[in-house]
Structure formats: C-alpha cells, structure tokens
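Undergrad: Right, I'll just put the structure down here and ask away after.
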Amino acid sequence: MKLLMALPDWYGVEYKINPWMDLDNPPRKSEALKQWNNLYSILKKLYPVEVLPYGKSMPDTVFTANAGFFPTSGHIIISNFKHKERQPEEDFFYSWFYRRGYTATRIPKNYSFEGEGDLLKCDNKFYGGYGFRSDKDVYKLISDIVKIDISVLELVDPRWYHLDTALYFLDNKTAVFYPGAFSEESKKSIRDTFSTIEVITKEALNFACNSIVINDTVIMPIRCPVLKSKLESLGKTVYEVNTSEFIKAGGSCKCLALWSY
Ligand code: ARG
C-alpha cells in the first residue's frame, strides 16, 4: 500500500463550493507549499508516498482523497464530482491511474461520488457518507460493481461535507468522530458499532477528524489539544501538522492523501 499526494503548484481558492472557501481569504501560496512539504516529509518517514503531478488549472487536485477509492488492490473507482468546478479532475485522475496500469472504473454520470473523501474502510468493512457530495444510491452501485458491503452514514452539517472531515478509524474497533456532523440514526449506528472517541465542536472545526492513521501513529492538524491528549493517553504517537492554508479550501491532513494499493 502507499499514500498518494499531489503537488500543490496550482492549489488555490478560486471558487466557493463549501462553507470554508472564501474568495476574499485566499491561501498564501508559499505557506501552503511549506505546509504541504512538512506533511509530505512526515508521511514519507512513516510510509511509502507517491506524488502525482499537479492538475494544471485545477486548484483542488491537491486533495487526492477525492480522486477515487480503492476497494481492492489495483482497482480504483474514479470520482464523479458533485460540483462542475471539480469535474475536470475526473479525466485527469482517470488518465493518471489508467496510464499506470490500474483498473480505473468510471461510474455513470448521474451519480455523484467523491472517493475516499466519503468512503472509508475499517477492518474489511466499508462506510459511505452521503448528504452533500456523494449520493446515497452510489454505494449500492459500488457494492454491486465490486461486491463489497457498504454501510451508509448521513452527514447533516455543510461544514462537514465529506465523511473524512467528521470520522476516522483509529483501529478496527475505535471510531474518532464528531457527532454533530451526523443524523441521529447515523450517530447511533456509529456508537452501536464502535467504541468511540467523540470530538468537541471547537476541535472538529479545526479539522480534528481529518487525520491519517498509520499503525499506532496519528498525523493530525494543530489546535486539537483535547483529542491529542486522549490519543496520547492511549499510547499513540501524534504528529501535529499546521494545515491552515488548506483549511481555507475546506481540507486538512487526510484530504491531502489517498490510500492506494
Ligand atoms: N475544496 C475542496 C472541495 O470542496 C476540498 C476537498 C477536501 N477533501 C476531502 N477529502 N475532505 O471539494
């Protein structure tokens, strides 16, 4: 397995497709590059990382978690972006994976699906978020294509518009999540299925749930001290990363990397 990142050369906030993006508060380019390099150098000490070229004139390709989703080895389901602003990335990501010999599946245009931003794996089970970017029905389609079982979770607050902004799995039994992002039913199903670490609003707004877990190490955004100390008390090694310039586009650590194999 490896993590895929994309160079931030064309990164910017040039349109507004989530509540975080503000055309009057653009990311500082050199600071963004510094923050991206810092995340990259931490990750590459811990795990293989491959870097994609940037998507020219596609400012959000840096968020590779949205390229698609790997249900099985060598096979990626390419995203169908909800907003027209990100749709040019579909062909970019498709050709990148196809040229490297992956099986890259496209799904019908009438379905929205934003890859690992909304579809997460835990212990051979899959969890799909819907409500903002991906359709509930797309998980039925993906289940049929790749014969996996996907439980769906409903997101209800536009600030947590992708599942990976509100939930991650610390291990096979533990979910770290922000309850306020989910419908009552989905909250209950997360609590019934996992032992949970529930993130406070202030830290969820600092993207606490958008973290990367590599074995016993968690790479998480800065300004989430409550969660950080909970993780440390469980024996985890925590790296804090400043992603302020990417939060301006609505993403942090996890959005900047895609699990691939
Ligand atoms: N500006 C991007 C968008 O709104 C941010 C994507 C963040 N990615 C993620 N996996 N949550 O689509």
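Chain lettering (A, B, ...) mirrors the order of the structure tokens, residue numbering begins at 1 for each chain separately, and ligand numbering begins at 1 in order of display.
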Which residues, written as a PyMOL selection string, have at least one atom at most 8 Å from range 160-163 of chain A, with only C-alpha atoms counted and residues fewer than 2 positions away on the same chain left out?
TA: chain A and resi 18+117-120+128-133+155-158+165-167+181
Undergrad: Within 8 Å of ligand 1, counting only C-alpha atoms and all ligand atoms: which residues, as a PyMOL selection string?
TA: chain A and resi 13+16-18+21+60+63-66+86+114-118+161-165+210+249-252+254-256
Undergrad: Restricted to N, CA, C and O atoms, what would the selected residues look like written as a compact mmCIF listing (two decimals), in the first residue's frame?
TA:
# COMPACT_ATOMS: atom_id res chain seq x y z
N VAL A 13 -7.84 28.99 -3.84
CA VAL A 13 -9.30 29.04 -3.66
C VAL A 13 -9.82 29.96 -4.76
O VAL A 13 -9.67 31.17 -4.69
N LYS A 16 -16.19 28.82 -4.82
CA LYS A 16 -16.68 28.50 -3.48
C LYS A 16 -17.67 27.35 -3.56
O LYS A 16 -18.78 27.52 -4.07
N ILE A 17 -17.24 26.17 -3.11
CA ILE A 17 -18.16 25.02 -3.16
C ILE A 17 -18.36 24.40 -1.78
O ILE A 17 -18.93 23.33 -1.66
N ASN A 18 -17.84 25.05 -0.76
CA ASN A 18 -18.14 24.62 0.62
C ASN A 18 -18.02 25.84 1.52
O ASN A 18 -17.45 26.86 1.12
N MET A 21 -14.60 27.90 1.99
CA MET A 21 -13.92 28.62 0.91
C MET A 21 -14.42 30.06 0.86
O MET A 21 -15.63 30.30 0.84
N ASP A 60 -8.04 22.19 -6.85
CA ASP A 60 -8.35 21.25 -5.76
C ASP A 60 -7.75 19.85 -5.96
O ASP A 60 -8.00 18.97 -5.14
N PHE A 63 -6.14 17.74 -3.21
CA PHE A 63 -6.91 16.90 -2.28
C PHE A 63 -7.13 15.52 -2.93
O PHE A 63 -8.22 15.19 -3.38
N THR A 64 -6.07 14.73 -2.95
CA THR A 64 -6.12 13.45 -3.67
C THR A 64 -7.11 12.45 -3.08
O THR A 64 -7.49 11.50 -3.75
N ALA A 65 -7.51 12.65 -1.82
CA ALA A 65 -8.50 11.74 -1.24
C ALA A 65 -9.76 11.73 -2.10
O ALA A 65 -10.54 10.76 -2.06
N ASN A 66 -9.96 12.79 -2.87
CA ASN A 66 -11.16 12.86 -3.71
C ASN A 66 -10.97 12.31 -5.12
O ASN A 66 -11.88 12.39 -5.94
N ARG A 86 -15.09 21.03 -10.03
CA ARG A 86 -14.08 19.97 -9.84
C ARG A 86 -14.20 18.86 -10.89
O ARG A 86 -13.35 17.96 -10.92
N GLU A 114 -17.44 11.15 -4.30
CA GLU A 114 -16.18 11.88 -4.14
C GLU A 114 -15.09 11.06 -3.45
O GLU A 114 -14.30 11.55 -2.63
N GLY A 115 -15.04 9.77 -3.81
CA GLY A 115 -13.89 8.94 -3.47
C GLY A 115 -13.72 8.74 -1.97
O GLY A 115 -14.69 8.65 -1.20
N GLU A 116 -12.45 8.68 -1.59
CA GLU A 116 -12.12 8.41 -0.18
C GLU A 116 -12.48 9.59 0.74
O GLU A 116 -12.41 9.47 1.95
N GLY A 117 -12.87 10.71 0.14
CA GLY A 117 -13.44 11.77 0.97
C GLY A 117 -14.71 11.29 1.66
O GLY A 117 -15.03 11.71 2.78
N ASP A 118 -15.43 10.40 0.98
CA ASP A 118 -16.72 9.94 1.51
C ASP A 118 -16.80 8.44 1.78
O ASP A 118 -17.80 7.98 2.31
N TYR A 161 -18.78 18.33 5.15
CA TYR A 161 -19.46 17.91 3.92
C TYR A 161 -18.93 16.61 3.35
O TYR A 161 -19.54 16.01 2.47
N HIS A 162 -17.76 16.18 3.80
CA HIS A 162 -17.22 14.87 3.40
C HIS A 162 -17.11 14.02 4.67
O HIS A 162 -16.76 14.54 5.74
N LEU A 163 -17.29 12.71 4.49
CA LEU A 163 -17.19 11.82 5.66
C LEU A 163 -15.83 11.95 6.36
O LEU A 163 -15.74 11.90 7.59
N ASP A 164 -14.78 12.13 5.57
CA ASP A 164 -13.43 12.17 6.18
C ASP A 164 -13.16 13.47 6.95
O ASP A 164 -12.09 13.64 7.52
N THR A 165 -14.12 14.41 6.93
CA THR A 165 -13.96 15.60 7.77
C THR A 165 -14.57 15.37 9.16
O THR A 165 -14.42 16.20 10.05
N ASN A 210 -9.94 14.97 10.50
CA ASN A 210 -9.32 14.79 9.19
C ASN A 210 -7.86 14.38 9.36
O ASN A 210 -6.93 15.09 8.97
N ALA A 249 -9.56 25.97 2.09
CA ALA A 249 -10.32 25.34 1.00
C ALA A 249 -11.23 24.24 1.53
O ALA A 249 -11.92 23.56 0.77
N GLY A 250 -11.19 24.03 2.86
CA GLY A 250 -12.05 23.01 3.45
C GLY A 250 -11.40 21.65 3.58
O GLY A 250 -12.09 20.63 3.58
N GLY A 251 -10.08 21.62 3.69
CA GLY A 251 -9.42 20.31 3.82
C GLY A 251 -8.22 20.38 4.75
O GLY A 251 -7.66 21.45 4.97
N SER A 252 -7.82 19.23 5.28
CA SER A 252 -6.63 19.17 6.12
C SER A 252 -5.83 17.91 5.79
O SER A 252 -5.83 17.48 4.62
N LYS A 254 -5.94 14.53 6.08
CA LYS A 254 -6.43 13.34 5.37
C LYS A 254 -6.83 13.62 3.94
O LYS A 254 -6.61 12.81 3.03
N CYS A 255 -7.41 14.81 3.73
CA CYS A 255 -7.83 15.16 2.35
C CYS A 255 -6.65 15.20 1.39
O CYS A 255 -6.82 15.06 0.18
N LEU A 256 -5.46 15.42 1.94
CA LEU A 256 -4.29 15.60 1.09
C LEU A 256 -3.61 14.28 0.72
O LEU A 256 -2.57 14.29 0.06
Undergrad: Report the residues of range 28-237 of chain A whose backbone DSSP state falls under alpha helix (DSSP H), written as a ChimeraX atom specification.
TA: /A:29-46,88-99,138-146,184-193,201-204,225-233
Undergrad: I need the residues of range 26-131 of chain A that end up classed as strand (DSSP E) by DSSP on the backbone, written out as a ChimeraX atom specification.
TA: /A:49-52,68-72,75-78,103-105,119-122,125-130
Undergrad: Which residues are close to Ser112 in chain A, i.e. within 8 Å by only C-alpha atoms, leaving aside same-chain residues fewer than 3 positions away? Reply as a ChimeraX atom specification.
TA: /A:79-82,109,133-135,138
Undergrad: Ranking A:Ser211, A:Ser195, A:Asn206, A:Thr105 by minimum distance to His75 in chain A and counting only C-alpha atoms, which one comes first?
TA: A:Thr105
